[in-house]
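What's in model.txt: compact mmCIF, C-alpha atoms and all ligand atoms
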# COMPACT_ATOMS: atom_id res chain seq x y z
CA MET A 1 -41.65 12.62 -45.56
CA HIS A 2 -41.85 16.38 -45.45
CA GLU A 3 -39.81 17.09 -48.54
CA ILE A 4 -42.95 17.88 -50.58
CA SER A 5 -43.89 20.71 -48.25
CA ILE A 6 -40.22 21.77 -48.14
CA ALA A 7 -40.09 21.76 -51.96
CA SER A 8 -43.18 23.92 -52.25
CA SER A 9 -41.98 26.48 -49.73
CA LEU A 10 -38.57 26.49 -51.42
CA ILE A 11 -40.14 27.16 -54.84
CA GLU A 12 -42.37 29.84 -53.36
CA GLN A 13 -39.32 31.49 -51.79
CA ALA A 14 -37.33 31.23 -55.04
CA ALA A 15 -40.22 32.55 -57.14
CA ALA A 16 -40.41 35.65 -54.97
CA HIS A 17 -36.94 36.58 -56.25
CA VAL A 18 -37.76 36.18 -59.95
CA PRO A 19 -37.87 39.63 -61.60
CA GLU A 20 -40.88 40.48 -63.73
CA GLY A 21 -40.63 39.14 -67.26
CA LYS A 22 -38.16 36.44 -66.28
CA ARG A 23 -38.66 32.74 -65.88
CA LEU A 24 -37.22 30.54 -63.14
CA LEU A 25 -34.70 28.07 -64.56
CA ALA A 26 -32.77 26.77 -61.58
CA VAL A 27 -33.00 26.76 -57.80
CA ARG A 28 -29.61 26.37 -56.12
CA VAL A 29 -29.52 25.09 -52.55
CA THR A 30 -26.96 23.81 -50.05
CA VAL A 31 -27.85 20.88 -47.77
CA GLY A 32 -25.81 19.68 -44.81
CA PRO A 33 -26.04 16.24 -43.19
CA LEU A 34 -27.49 17.65 -39.95
CA SER A 35 -30.12 19.79 -41.66
CA GLY A 36 -32.89 17.24 -41.27
CA ILE A 37 -33.51 17.48 -45.01
CA SER A 38 -33.09 14.45 -47.25
CA ALA A 39 -31.42 15.79 -50.39
CA ASP A 40 -32.44 12.67 -52.32
CA SER A 41 -36.12 12.99 -51.39
CA LEU A 42 -36.07 16.69 -52.19
CA GLU A 43 -34.51 16.00 -55.57
CA PHE A 44 -37.03 13.26 -56.22
CA CYS A 45 -40.14 15.37 -55.68
CA PHE A 46 -38.88 18.78 -56.85
CA ASP A 47 -39.74 18.61 -60.57
CA SER A 48 -43.35 17.57 -60.08
CA VAL A 49 -43.95 20.08 -57.27
CA ALA A 50 -42.37 22.82 -59.42
CA ALA A 51 -44.56 21.88 -62.39
CA ASP A 52 -47.68 21.92 -60.19
CA MET A 53 -46.77 25.42 -59.07
CA GLY A 54 -46.35 26.73 -62.62
CA HIS A 55 -42.55 26.60 -62.64
CA GLY A 56 -42.12 23.60 -64.92
CA SER A 57 -38.90 25.03 -66.32
CA ALA A 58 -37.22 25.12 -62.90
CA ARG A 59 -34.56 22.55 -62.01
CA LEU A 60 -33.05 21.90 -58.61
CA SER A 61 -29.31 22.04 -58.08
CA ILE A 62 -28.09 20.72 -54.70
CA THR A 63 -24.66 21.28 -53.20
CA ARG A 64 -24.12 18.67 -50.50
CA ILE A 65 -21.71 19.85 -47.83
CA PRO A 66 -20.06 17.77 -45.09
CA ALA A 67 -20.17 18.27 -41.33
CA CYS A 68 -16.88 19.13 -39.59
CA PHE A 69 -15.59 17.04 -36.69
CA GLU A 70 -12.77 17.51 -34.20
CA CYS A 71 -11.58 14.22 -32.73
CA LEU A 72 -11.23 14.43 -28.94
CA THR A 73 -9.00 11.36 -28.82
CA CYS A 74 -6.23 12.45 -31.19
CA GLY A 75 -7.13 16.01 -32.10
CA ALA A 76 -7.56 15.44 -35.83
CA CYS A 77 -10.11 17.47 -37.75
CA TYR A 78 -12.07 15.75 -40.45
CA LYS A 79 -15.09 16.28 -42.65
CA SER A 80 -17.76 13.86 -43.76
CA GLU A 81 -21.24 13.87 -45.23
CA SER A 82 -22.04 10.94 -42.91
CA VAL A 83 -22.19 11.16 -39.11
CA TYR A 84 -21.20 7.48 -38.99
CA THR A 85 -17.68 8.34 -40.19
CA GLU A 86 -15.14 7.72 -37.42
CA CYS A 87 -11.87 9.61 -37.05
CA PRO A 88 -9.72 8.55 -40.04
CA LEU A 89 -6.58 8.52 -37.86
CA CYS A 90 -7.70 6.75 -34.69
CA GLN A 91 -11.23 5.45 -35.42
CA SER A 92 -12.63 7.27 -32.39
CA LEU A 93 -16.15 8.64 -32.29
CA GLU A 94 -15.32 10.94 -29.35
CA ARG A 95 -15.54 14.28 -31.09
CA ILE A 96 -17.02 17.72 -31.35
CA THR A 97 -19.39 18.22 -34.26
CA TYR A 98 -19.17 21.73 -35.63
CA SER A 99 -21.49 22.32 -38.52
CA GLY A 100 -23.55 20.61 -41.15
CA ASP A 101 -27.00 21.92 -40.27
CA ARG A 102 -27.11 24.28 -43.22
CA PHE A 103 -30.10 24.37 -45.55
CA THR A 104 -29.98 27.51 -47.65
CA LEU A 105 -31.35 28.89 -50.87
CA ASP A 106 -28.14 30.25 -52.38
CA ALA A 107 -29.16 31.53 -55.79
CA ILE A 108 -31.61 31.22 -58.64
CA ASP A 109 -31.09 31.15 -62.40
CA VAL A 110 -33.57 33.09 -64.47
CA GLU A 111 -33.96 33.67 -68.18
CA ASP A 112 -35.64 36.34 -70.26
CA THR A 113 -39.08 35.52 -71.55
CA HIS A 114 -39.05 38.48 -73.94
CA HIS A 115 -38.49 37.86 -77.59
CA VAL A 116 -36.01 39.69 -79.73
CA MET B 1 -47.10 27.14 -77.31
CA CYS B 2 -43.63 27.33 -78.78
CA ASN B 3 -42.12 23.86 -78.62
CA ASP B 4 -38.55 25.07 -78.51
CA CYS B 5 -38.73 27.17 -75.42
CA GLY B 6 -42.18 26.64 -73.88
CA CYS B 7 -43.06 30.30 -74.20
CA LEU B 8 -46.64 31.22 -74.90
CA GLU B 9 -46.04 32.78 -78.31
CA PRO B 10 -47.80 30.76 -81.00
CA GLY B 11 -45.31 28.85 -83.22
CA HIS B 12 -42.76 31.46 -84.20
CA ASP B 13 -39.36 31.45 -85.75
CA HIS B 14 -36.65 31.04 -83.21
CA PRO B 15 -34.05 33.72 -83.46
CA HIS B 16 -34.85 35.13 -80.02
CA SER B 17 -32.26 34.76 -77.34
CA HIS B 18 -32.75 33.37 -73.85
CA GLU B 19 -30.13 34.88 -71.67
CA THR B 20 -29.59 33.10 -68.37
CA THR B 21 -28.73 35.16 -65.32
CA THR B 22 -27.83 33.88 -61.86
CA LEU B 23 -29.19 35.94 -58.97
CA ALA B 24 -27.72 35.50 -55.49
CA VAL B 25 -30.28 34.94 -52.74
CA HIS B 26 -28.46 33.58 -49.63
CA GLN B 27 -31.46 32.83 -47.42
CA ASP B 28 -32.28 30.13 -44.96
CA VAL B 29 -34.97 27.98 -46.59
CA LEU B 30 -36.78 27.90 -43.25
CA ALA B 31 -36.49 31.68 -42.83
CA LYS B 32 -40.27 32.15 -42.69
CA ASN B 33 -40.58 29.55 -39.95
CA ASN B 34 -37.71 31.13 -38.05
CA THR B 35 -39.43 34.53 -38.11
CA PHE B 36 -42.49 33.04 -36.42
CA ALA B 37 -40.23 31.12 -34.01
CA GLU B 38 -38.65 34.41 -32.91
CA ARG B 39 -42.08 35.89 -32.37
CA ASN B 40 -43.09 32.89 -30.27
CA ARG B 41 -39.87 33.18 -28.29
CA GLY B 42 -40.66 36.81 -27.47
CA PHE B 43 -44.16 35.80 -26.38
CA PHE B 44 -42.83 33.03 -24.12
CA LYS B 45 -40.30 35.40 -22.61
CA ALA B 46 -43.01 37.93 -21.82
CA LYS B 47 -45.09 35.21 -20.17
CA GLY B 48 -42.12 33.85 -18.21
CA VAL B 49 -42.90 30.31 -19.25
CA PHE B 50 -40.32 27.59 -19.96
CA VAL B 51 -41.07 25.86 -23.25
CA VAL B 52 -40.12 22.36 -24.31
CA ASN B 53 -40.45 20.94 -27.83
CA LEU B 54 -41.08 17.24 -27.16
CA ILE B 55 -40.10 14.91 -29.99
CA SER B 56 -40.34 11.13 -30.07
CA SER B 57 -41.47 8.11 -32.05
CA PRO B 58 -44.96 6.66 -31.55
CA GLY B 59 -44.95 4.22 -28.67
CA SER B 60 -42.02 5.84 -26.86
CA GLY B 61 -44.15 6.55 -23.80
CA LYS B 62 -44.69 10.24 -24.49
CA THR B 63 -48.23 10.28 -23.13
CA ALA B 64 -47.28 8.47 -19.93
CA LEU B 65 -44.53 11.05 -19.40
CA LEU B 66 -46.90 13.97 -20.07
CA GLU B 67 -49.35 12.49 -17.58
CA ALA B 68 -46.66 12.09 -14.94
CA LEU B 69 -45.58 15.73 -15.45
CA ALA B 70 -49.19 17.00 -15.51
CA HIS B 71 -49.80 15.12 -12.28
CA HIS B 72 -46.88 16.96 -10.67
CA TYR B 73 -47.32 20.45 -12.17
CA GLY B 74 -51.13 20.55 -12.45
CA PRO B 75 -52.33 24.02 -13.48
CA ALA B 76 -48.72 25.29 -13.72
CA MET B 77 -48.29 23.24 -16.89
CA ALA B 78 -49.87 23.53 -20.33
CA VAL B 79 -49.60 21.22 -23.31
CA ILE B 80 -49.97 21.96 -27.01
CA GLU B 81 -50.78 18.62 -28.58
CA GLY B 82 -49.62 18.17 -32.15
CA ASP B 83 -49.74 14.41 -32.36
CA ILE B 84 -52.95 13.12 -33.87
CA GLN B 85 -52.20 9.58 -32.80
CA THR B 86 -52.43 10.57 -29.19
CA SER B 87 -55.19 13.18 -29.50
CA ARG B 88 -57.49 11.37 -27.10
CA ASP B 89 -54.80 11.73 -24.49
CA ALA B 90 -55.40 15.48 -24.21
CA ASP B 91 -58.30 14.55 -21.94
CA ARG B 92 -56.00 12.60 -19.67
CA VAL B 93 -53.67 15.58 -19.35
CA ILE B 94 -56.61 17.90 -18.63
CA ARG B 95 -57.95 15.49 -16.02
CA SER B 96 -54.60 15.74 -14.26
CA GLY B 97 -55.21 19.46 -13.88
CA SER B 98 -53.07 20.89 -16.69
CA ARG B 99 -54.25 22.90 -19.67
CA ALA B 100 -54.13 21.42 -23.15
CA TYR B 101 -54.85 22.59 -26.67
CA GLN B 102 -54.99 20.32 -29.70
CA ILE B 103 -53.53 21.53 -33.00
CA GLU B 104 -55.23 20.26 -36.15
CA THR B 105 -52.14 19.15 -38.06
CA LEU B 106 -54.12 17.90 -41.09
CA GLY B 107 -51.70 15.08 -41.69
CA ALA B 108 -48.54 17.17 -41.46
CA CYS B 109 -45.48 15.28 -40.25
CA HIS B 110 -44.19 18.10 -38.03
CA LEU B 111 -45.34 21.24 -36.28
CA ASP B 112 -44.10 24.58 -37.50
CA ALA B 113 -43.75 27.85 -35.64
CA HIS B 114 -46.75 29.35 -37.43
CA ALA B 115 -49.08 26.59 -36.20
CA VAL B 116 -47.79 27.07 -32.66
CA HIS B 117 -48.24 30.85 -33.00
CA HIS B 118 -51.96 30.30 -33.69
CA ALA B 119 -52.32 27.67 -30.97
CA LEU B 120 -51.14 30.28 -28.47
CA ASP B 121 -54.29 32.31 -29.15
CA HIS B 122 -56.30 29.45 -27.70
CA LEU B 123 -54.28 28.77 -24.59
CA ASP B 124 -54.43 30.86 -21.43
CA LEU B 125 -50.91 30.79 -20.03
CA SER B 126 -51.55 32.89 -16.93
CA GLY B 127 -49.99 31.18 -13.91
CA CYS B 128 -48.33 28.70 -16.23
CA ARG B 129 -44.61 28.01 -15.76
CA LEU B 130 -44.07 25.10 -18.13
CA LEU B 131 -45.39 24.66 -21.66
CA ILE B 132 -44.78 21.39 -23.43
CA ILE B 133 -45.31 21.31 -27.18
CA GLU B 134 -45.92 17.72 -28.10
CA ASN B 135 -44.67 17.41 -31.67
CA VAL B 136 -45.90 14.96 -34.31
CA GLY B 137 -44.65 11.44 -33.56
CA ASN B 138 -41.48 10.85 -35.57
CA LEU B 139 -37.77 11.56 -35.20
CA VAL B 140 -37.13 13.08 -38.63
CA CYS B 141 -39.42 15.88 -39.74
CA PRO B 142 -39.85 17.92 -36.53
CA SER B 143 -36.12 18.40 -35.97
CA ALA B 144 -35.48 21.20 -38.49
CA TYR B 145 -38.33 23.43 -37.30
CA ASP B 146 -37.60 25.86 -34.51
CA LEU B 147 -40.88 26.53 -32.70
CA GLY B 148 -39.41 29.21 -30.43
CA GLU B 149 -38.87 26.69 -27.63
CA HIS B 150 -36.16 26.89 -24.97
CA GLU B 151 -35.11 23.32 -25.55
CA LYS B 152 -35.82 20.25 -27.59
CA MET B 153 -36.48 17.15 -25.54
CA ALA B 154 -36.27 13.78 -27.26
CA ILE B 155 -37.56 10.52 -25.87
CA LEU B 156 -35.85 7.31 -26.90
CA SER B 157 -37.34 4.19 -25.33
CA LEU B 158 -35.43 0.97 -24.78
CA PRO B 159 -37.48 -1.16 -27.22
CA GLU B 160 -36.51 1.22 -30.06
CA GLY B 161 -32.87 0.13 -29.78
CA ASP B 162 -29.61 1.90 -28.92
CA ASP B 163 -28.70 2.40 -32.60
CA LYS B 164 -31.14 5.23 -33.29
CA ILE B 165 -29.07 8.26 -32.37
CA LEU B 166 -26.79 8.45 -35.43
CA LYS B 167 -29.72 7.48 -37.62
CA TYR B 168 -31.46 10.76 -36.68
CA PRO B 169 -28.55 13.21 -36.38
CA ALA B 170 -30.61 16.33 -37.12
CA LEU B 171 -32.66 15.69 -33.99
CA PHE B 172 -29.99 14.44 -31.62
CA SER B 173 -27.52 17.18 -32.54
CA ARG B 174 -30.16 19.69 -31.39
CA VAL B 175 -31.56 18.15 -28.19
CA GLY B 176 -31.10 19.81 -24.82
CA THR B 177 -32.60 16.88 -22.96
CA LEU B 178 -32.34 13.22 -23.87
CA ILE B 179 -34.84 11.00 -22.10
CA ILE B 180 -34.19 7.29 -22.15
CA ASN B 181 -37.57 5.84 -21.25
CA LYS B 182 -38.83 2.41 -20.22
CA ILE B 183 -35.66 1.88 -18.19
CA ASP B 184 -37.61 -0.73 -16.17
CA LEU B 185 -37.26 -3.01 -19.23
CA GLN B 186 -33.44 -2.90 -19.05
CA PRO B 187 -33.11 -6.48 -17.67
CA TYR B 188 -34.99 -7.85 -20.68
CA LEU B 189 -33.51 -5.83 -23.53
CA ASP B 190 -30.10 -5.56 -25.12
CA PHE B 191 -29.92 -1.75 -24.99
CA SER B 192 -26.63 -0.06 -24.09
CA VAL B 193 -27.31 3.29 -22.44
CA ASP B 194 -23.59 4.09 -22.79
CA THR B 195 -23.74 3.58 -26.56
CA ALA B 196 -26.78 5.82 -26.94
CA VAL B 197 -25.35 8.56 -24.74
CA SER B 198 -21.87 8.51 -26.29
CA GLU B 199 -23.31 8.60 -29.81
CA CYS B 200 -25.43 11.57 -28.80
CA ARG B 201 -22.29 13.21 -27.36
CA SER B 202 -20.58 12.65 -30.72
CA LEU B 203 -23.16 15.03 -32.23
CA ASN B 204 -23.85 17.38 -29.35
CA ARG B 205 -21.84 18.46 -26.30
CA SER B 206 -24.63 20.26 -24.47
CA PHE B 207 -27.46 18.01 -23.44
CA GLU B 208 -28.51 16.25 -20.25
CA THR B 209 -29.62 12.64 -20.04
CA PHE B 210 -32.39 11.26 -17.85
CA LEU B 211 -33.02 7.56 -17.44
CA LEU B 212 -36.56 6.98 -16.35
CA SER B 213 -39.70 4.91 -16.53
CA ALA B 214 -42.73 7.10 -17.05
CA ARG B 215 -44.87 4.04 -16.29
CA THR B 216 -43.40 3.17 -12.89
CA GLY B 217 -42.34 6.74 -12.06
CA GLU B 218 -38.71 5.73 -11.57
CA GLY B 219 -36.39 8.66 -12.38
CA VAL B 220 -39.20 11.14 -13.13
CA ASP B 221 -38.28 13.21 -10.06
CA SER B 222 -34.81 13.94 -11.51
CA LEU B 223 -36.40 15.25 -14.70
CA ILE B 224 -38.74 17.41 -12.63
CA ARG B 225 -35.78 18.82 -10.68
CA HIS B 226 -34.10 19.65 -13.99
CA LEU B 227 -37.23 21.36 -15.31
CA ASP B 228 -37.66 23.29 -12.04
CA LEU B 229 -34.12 24.63 -12.36
CA ARG B 230 -34.77 25.74 -15.92
CA ILE B 231 -38.07 27.36 -14.89
CA GLN B 232 -36.38 29.20 -11.99
CA ALA B 233 -33.59 30.38 -14.27
CA LEU B 234 -36.17 32.36 -16.25
CA ARG B 235 -37.24 34.47 -13.30
ZN ZN C 301 -8.80 10.67 -33.79
Target format structure tokens, applied to this file:
Amino acid sequence: MHEISIASSLIEQAAAHVPEGKRLLAVRVTVGPLSGISADSLEFCFDSVAADMGHGSARLSITRIPACFECLTCGACYKSESVYTECPLCQSLERITYSGDRFTLDAIDVEDTHHV
Amino acid sequence: MCNDCGCLEPGHDHPHSHETTTLAVHQDVLAKNNTFAERNRGFFKAKGVFVVNLISSPGSGKTALLEALAHHYGPAMAVIEGDIQTSRDADRVIRSGSRAYQIETLGACHLDAHAVHHALDHLDLSGCRLLIIENVGNLVCPSAYDLGEHEKMAILSLPEGDDKILKYPALFSRVGTLIINKIDLQPYLDFSVDTAVSECRSLNRSFETFLLSARTGEGVDSLIRHLDLRIQALR
């Protein structure tokens, strides 16, 4: 499992965007089914890795996106988070797979650490 | 520490506001790796060497294949070994006349472009036409990391079963070459080559398949012809 090393590089990358005097509250990522990243494993280890790196307040927010398929038997286009999903119209697996390899850091949430 | 907000102010009243702001980032999480991969790619281009990122499970016959290729290419081939389990096999590749360098992966489950970047300092590629980067032995973790290679080559051996392709879509959607190894065991195993190939085609429309037995040598010449074409295309 490489999600621990992924989590730490993700937190490092997110932390680099935190302005001075702010604290990291949320790390927002998008994970596709062909990314090679297990969203569940990443979710599972994130909090403890974040705490170890001094970002105990940071939470992970994952948007899971589907891959897009074009059926070569009937021409239908369909989306699924699982590559096992056959064409919903003709049950064919003859298809072109278009996307789903995305793994991006989309945004971070930060909050002020100054006191009024 | 303040219990309400975790700030480092000693216990204080809590009228202060914590305003949350969302900042857009829009970056590839593997951006750092990709930067090194691009650097490696430039280096390989300058050297005129064709580079393969070889990915497989333990026991797929990777070492036998490397030996067969080293036997054919001799000093025109170099290997970066990233698989600890087969580290002793570097000697066998070197004995066949090819160059090899072992990366200390320190238990990592994949190679990244930065590790390869440093390995290149230790490998003399003059006169070398083919560089094979032997990745850590599993089908999951190496797939997301671009090393700067020209193509990913995956080995699936018959005893592993024909149901592995969709189980590892990140890898098989990215392969340029699919090697189905241990084809000499076909009479004894219930492995459908058609199933494996069509499932791979369901993820990826641009790969070539080679059926071979690295042990007996059957089919290895077709793979060599393929590699020769790719090497020539660089010149
Ligand atoms: Zn269809």
Exercise. When distances are computed from all atoms listed in the file, which of A:Ser8, A:Ser99, A:Thr30, A:Thr85 shows the smallest separation from ligand ZN 301 (chain C)?
Worked result: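 Checking each candidate against ligand ZN 301 (chain C), we get A:Thr85 as the closest.
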Write as a CSV table (one decimal) with C-alpha atoms, keeping the file's coordinate frame the residues around ligand ZN 301 (chain C), taking 12 Å as the cut-off and counting only C-alpha atoms and all ligand atoms.
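The resulting file, pocket.csv, is shown below:
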chain,number,residue,atom,x,y,z
A,69,PHE,CA,-15.6,17.0,-36.7
A,70,GLU,CA,-12.8,17.5,-34.2
A,71,CYS,CA,-11.6,14.2,-32.7
A,72,LEU,CA,-11.2,14.4,-28.9
A,73,THR,CA,-9.0,11.4,-28.8
A,74,CYS,CA,-6.2,12.4,-31.2
A,75,GLY,CA,-7.1,16.0,-32.1
A,76,ALA,CA,-7.6,15.4,-35.8
A,77,CYS,CA,-10.1,17.5,-37.8
A,78,TYR,CA,-12.1,15.8,-40.4
A,85,THR,CA,-17.7,8.3,-40.2
A,86,GLU,CA,-15.1,7.7,-37.4
A,87,CYS,CA,-11.9,9.6,-37.0
A,88,PRO,CA,-9.7,8.6,-40.0
A,89,LEU,CA,-6.6,8.5,-37.9
A,90,CYS,CA,-7.7,6.8,-34.7
A,91,GLN,CA,-11.2,5.4,-35.4
A,92,SER,CA,-12.6,7.3,-32.4
A,93,LEU,CA,-16.2,8.6,-32.3
A,94,GLU,CA,-15.3,10.9,-29.4
A,95,ARG,CA,-15.5,14.3,-31.1
A,96,ILE,CA,-17.0,17.7,-31.4
Problem set entry | Gly61 of chain B environment, 8 Å, only C-alpha atoms, sequence neighbours closer than 2 positions dropped, as a ChimeraX atom specification | /B:58-59,63-65,155,157,181-182,214-215
Could you write out that same residue set with C-alpha atoms as a tab-separated table (two decimals), keeping the file's coordinate frame?
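The new file part_11.tsv reads:
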chain	number	residue	atom	x	y	z
B	58	PRO	CA	-44.96	6.66	-31.55
B	59	GLY	CA	-44.95	4.22	-28.67
B	63	THR	CA	-48.23	10.28	-23.13
B	64	ALA	CA	-47.28	8.47	-19.93
B	65	LEU	CA	-44.53	11.05	-19.40
B	155	ILE	CA	-37.56	10.52	-25.87
B	157	SER	CA	-37.34	4.19	-25.33
B	181	ASN	CA	-37.57	5.84	-21.25
B	182	LYS	CA	-38.83	2.41	-20.22
B	214	ALA	CA	-42.73	7.10	-17.05
B	215	ARG	CA	-44.87	4.04	-16.29
Find the nearest atom pair between each residue of chain A and chain B for residues within 6 Å, count all atoms listed in the file, give distances in Å to one decimal, sort rows by chain and ascending number, and present the table as a Markdown table.
| residue | atom | partner | partner_atom | distance |
| --- | --- | --- | --- | --- |
| A:Leu34 | CA | B:Ala170 | CA | 4.4 |
| A:Ser35 | CA | B:Ala170 | CA | 5.7 |
| A:Gly36 | CA | B:Ala170 | CA | 4.8 |
| A:Glu94 | CA | B:Ser202 | CA | 5.7 |
| A:Arg95 | CA | B:Ser202 | CA | 5.3 |
| A:Thr97 | CA | B:Leu203 | CA | 5.3 |
| A:Thr104 | CA | B:Asp28 | CA | 4.4 |
| A:Leu105 | CA | B:Gln27 | CA | 5.2 |
| A:Asp106 | CA | B:His26 | CA | 4.3 |
| A:Ala107 | CA | B:Ala24 | CA | 4.2 |
| A:Ile108 | CA | B:Leu23 | CA | 5.3 |
| A:Asp109 | CA | B:Thr22 | CA | 4.3 |
| A:Val110 | CA | B:Thr21 | CA | 5.3 |
| A:Glu111 | CA | B:Thr20 | CA | 4.4 |
| A:Asp112 | CA | B:His18 | CA | 5.5 |
| A:His115 | CA | B:His16 | CA | 5.2 |
| A:Val116 | CA | B:His16 | CA | 4.7 |
Problem set entry | Protein and nucleic acid residues near (-38.6, -2.0, -18.4) (cut-off 9 Å, all atoms listed in the file) as a PyMOL selection string | chain B and resi 158-159+181-189+213+215-216
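Among the candidates B:Arg92, B:Gly161, B:Ala78, B:Ala113, the one nearest to Asp190 of chain B when counting all atoms listed in the file is B:Gly161.
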For this session: Select all residues near (-37.6, 21.7, -63.4) (cut-off 10 Å, inclusive, file coordinates), counting only C-alpha atoms, and output them as a PyMOL selection string.
Result: chain A and resi 24-27+46-51+55-61
Could you take the residues named above and write them with C-alpha atoms, as an mmCIF file, keeping the file's coordinate frame?
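Once written, result-v2.cif looks like this:
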data_model
loop_
_atom_site.group_PDB
_atom_site.id
_atom_site.type_symbol
_atom_site.label_atom_id
_atom_site.label_comp_id
_atom_site.auth_asym_id
_atom_site.auth_seq_id
_atom_site.Cartn_x
_atom_site.Cartn_y
_atom_site.Cartn_z
ATOM 1 C CA LEU A 24 -37.220 30.540 -63.140
ATOM 2 C CA LEU A 25 -34.700 28.070 -64.560
ATOM 3 C CA ALA A 26 -32.770 26.770 -61.580
ATOM 4 C CA VAL A 27 -33.000 26.760 -57.800
ATOM 5 C CA PHE A 46 -38.880 18.780 -56.850
ATOM 6 C CA ASP A 47 -39.740 18.610 -60.570
ATOM 7 C CA SER A 48 -43.350 17.570 -60.080
ATOM 8 C CA VAL A 49 -43.950 20.080 -57.270
ATOM 9 C CA ALA A 50 -42.370 22.820 -59.420
ATOM 10 C CA ALA A 51 -44.560 21.880 -62.390
ATOM 11 C CA HIS A 55 -42.550 26.600 -62.640
ATOM 12 C CA GLY A 56 -42.120 23.600 -64.920
ATOM 13 C CA SER A 57 -38.900 25.030 -66.320
ATOM 14 C CA ALA A 58 -37.220 25.120 -62.900
ATOM 15 C CA ARG A 59 -34.560 22.550 -62.010
ATOM 16 C CA LEU A 60 -33.050 21.900 -58.610
ATOM 17 C CA SER A 61 -29.310 22.040 -58.080
#
Taking all atoms of segment 51-64 of chain A that the file lists, what box with edges along x, y and z, padded by 5 Å per side, do you get, with centre and edge lengths in Å to one decimal, as AutoDock Vina command-line options?
--center_x -35.9 --center_y 22.7 --center_z -58.4 --size_x 33.6 --size_y 18.1 --size_z 25.8
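Note that atom CA of Lys79 of chain A and atom CA of Asp194 of chain B are 24.8 Å apart.
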Seminar exercise, completed: Expressed in Å, the length from atom CA of Ile55 of chain B to atom CA of Asn135 of chain B is 5.5 Å
Problem set entry | 8 Å contact set for Pro75 of chain B, only C-alpha atoms, chain neighbours under 6 positions out, as a PyMOL selection string | chain B and resi 97-99+127-128
For this session: For atom CA of Ser206 of chain B and atom CA of His150 of chain B, determine how far apart the two atoms are, in Å to one decimal place.
Result: 13.3 Å
Problem set entry | Who sits within 10 Å of Leu42 of chain A, only C-alpha atoms, same chain under 6 positions skipped, as a count of residues only | 10
Problem set entry | Distance criterion (all atoms listed in the file): nearest to Ile133 of chain B out of B:Thr195, B:Gln232, B:Thr209, B:Gln102 |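 Checking each of B:Thr195, B:Gln232, B:Thr209, B:Gln102 against Ile133 of chain B, counting all atoms listed in the file, the winner is B:Gln102.
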